[in-house]
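Below: the structure, in structure tokens.
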Amino acid sequence: MPYADISLVLFVDMELKVISEEDSSYDRAKEVKDFDETKAGVKGLVDSGAVKIPKFFIHPPESLLNSTTSSSEVCFQVPVIDLEGYEGGQRRKEILDGIFAASETWGFFQVVNHGVPVGIMDNMVEAVRRFHEQPKDVKMKWYSRDCKQQPVRYFCNGDLLVNQGAANWRDSIAFDFHDGQLDPQLFPPICREAVSEYIKHVIELRTTLSELLSETLELHSDYLASIGCMETESLVCHYYPACPEPELTLGATKHSDPSFLTILLQDDNRGLQVLHQSYWIDVPPLPGAFVINIGDFIQLITNDKFKSVEHRVLAGQAPRVSVACFFYPSMANKHKPYGPIRELLTESNPPIYREIHVTEYMAYFRAKGLDGNSSLPHFNLQCNYTT
Ligand SMILES: O=C(O)CCC(=O)C(=O)O
Ligand SMILES: [Fe+2]
């Protein structure tokens, strides 16, 4: 059974006690450093024949629980929205209603009939798989966590060297586009064409969603475009290698996305889960679908109307690929402050957050690492923040 259940969690609990008794002899920093210096990521560990996972990948039992309460009787399903006919008429109204309800209650939905050709999506997944399954000597040329110097970088856990918490069982390659632009000569040849094609289509889908989201908020359809909040893309392509002990670790710790919007493509392996009413609910792979998730910044500018919801990825026994495209403001707006949209505020709905710019938010998010806590409360007006 690939995923954690309660009995396995009890077992983890015992294991962790043993680890803490042994703590004096365990040099975490050294184990992390030696691992990082291989520049071969989690995939390198698996390829070297590891049958046990290193201790710094072991998550605490409470993070591995299936649900924060009992899940025996729940049958929630993440909303699926068919975008066919979104261009106008009654169908547009139904789609807007669906997006509104999903953004308000789930913060997550899947879209089908979105206009991105299935061939483009499949090529992207395969290209990401091919990149990560190359020999490590080829991949390590891109190994870096320096997002200032290296807009295309391959790494294992962006926060590995700053976060003392458990590491995630995944490797990633990130492409930082600026307003849709990034020199393809910087891309690894094995995925160059697929990435170049994919980003164009995902940007078109972003434009459609930006209009629909504006209208669901009863704003002009150009509103979100006019504030330039989703013009830059960070494309992060994850590979979750088959895990020899999936019940002890996670592919991605619980987190909410620090973006405005995320458009996610997943292959046909399960693993992604969203926290809904205290239950971890699977986001099942659907052929030809994208997963859309409201990011922290949309929650902030909608003054908590739309939710940026926590999600996580389970480790599994089969390798899994996903591609997350995070949308942020244009570089020209990187110091532009974003706060709750004035048109949405009333006397009974006063602003909850202060105005912040994305660089400040990201600096806080990065320094904090994926520690399972949202960054948003730090910017709440009630919070005694320090800058
Ligand atoms: O792999 C996935 O399905 C989700 C990835 C994710 O949540 C992220 O990159 O923020
Ligand atoms: Fe995420």
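We label chains A, B, ... in the order they appear in the structure tokens, count residues from 1 in each chain, and number ligands from 1 in the order shown.
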### Task
Could the residues that lie within 12 Å of ligand 2, counting only C-alpha atoms and all ligand atoms, be listed as a PyMOL selection string?
chain A and resi 107-108+235-238+251-265+272-275+291-296+308-313+322-326+370+372+374
### Task
Report the residues of range 191-252 of chain A whose backbone DSSP state falls under alpha helix (DSSP H), written as a ChimeraX atom specification.
/A:192-216,223-226
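Proximity of A:Asp137, A:Asp282, A:Glu87, A:Glu360 to ligand 1, computed with only C-alpha atoms and all ligand atoms, is greatest for A:Asp282.
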Restrict the calculation to only C-alpha atoms, then for each residue of range 44-132 of chain A with any atom at most 10 Å from an atom of range 209-221 of chain A give the closest atom pair and their distance in Å to one decimal, rows by chain and rising residue number, as a tab-separated table.
residue	atom	partner	partner_atom	distance
A:Leu83	CA	A:Leu209	CA	9.9
A:Tyr86	CA	A:Leu212	CA	8.6
A:Glu87	CA	A:Leu212	CA	9.9
A:Arg92	CA	A:Leu212	CA	8.6
A:Lys93	CA	A:Thr216	CA	9.1
A:Ile95	CA	A:Leu212	CA	8.3
A:Leu96	CA	A:Thr216	CA	5.5
A:Asp97	CA	A:Thr216	CA	7.1
A:Gly98	CA	A:Thr216	CA	9.2
A:Ile99	CA	A:Thr216	CA	7.2
A:Phe100	CA	A:Thr216	CA	5.6
A:Ala101	CA	A:Thr216	CA	9.3
A:Ser103	CA	A:Leu213	CA	9.0
A:His114	CA	A:Leu209	CA	9.6
### Task
Once DSSP has gone over the backbone, tell me which residues of range 210-279 of chain A are in strand (DSSP E), as a ChimeraX atom specification.
/A:232-240,250-255,261-266,272-276,279
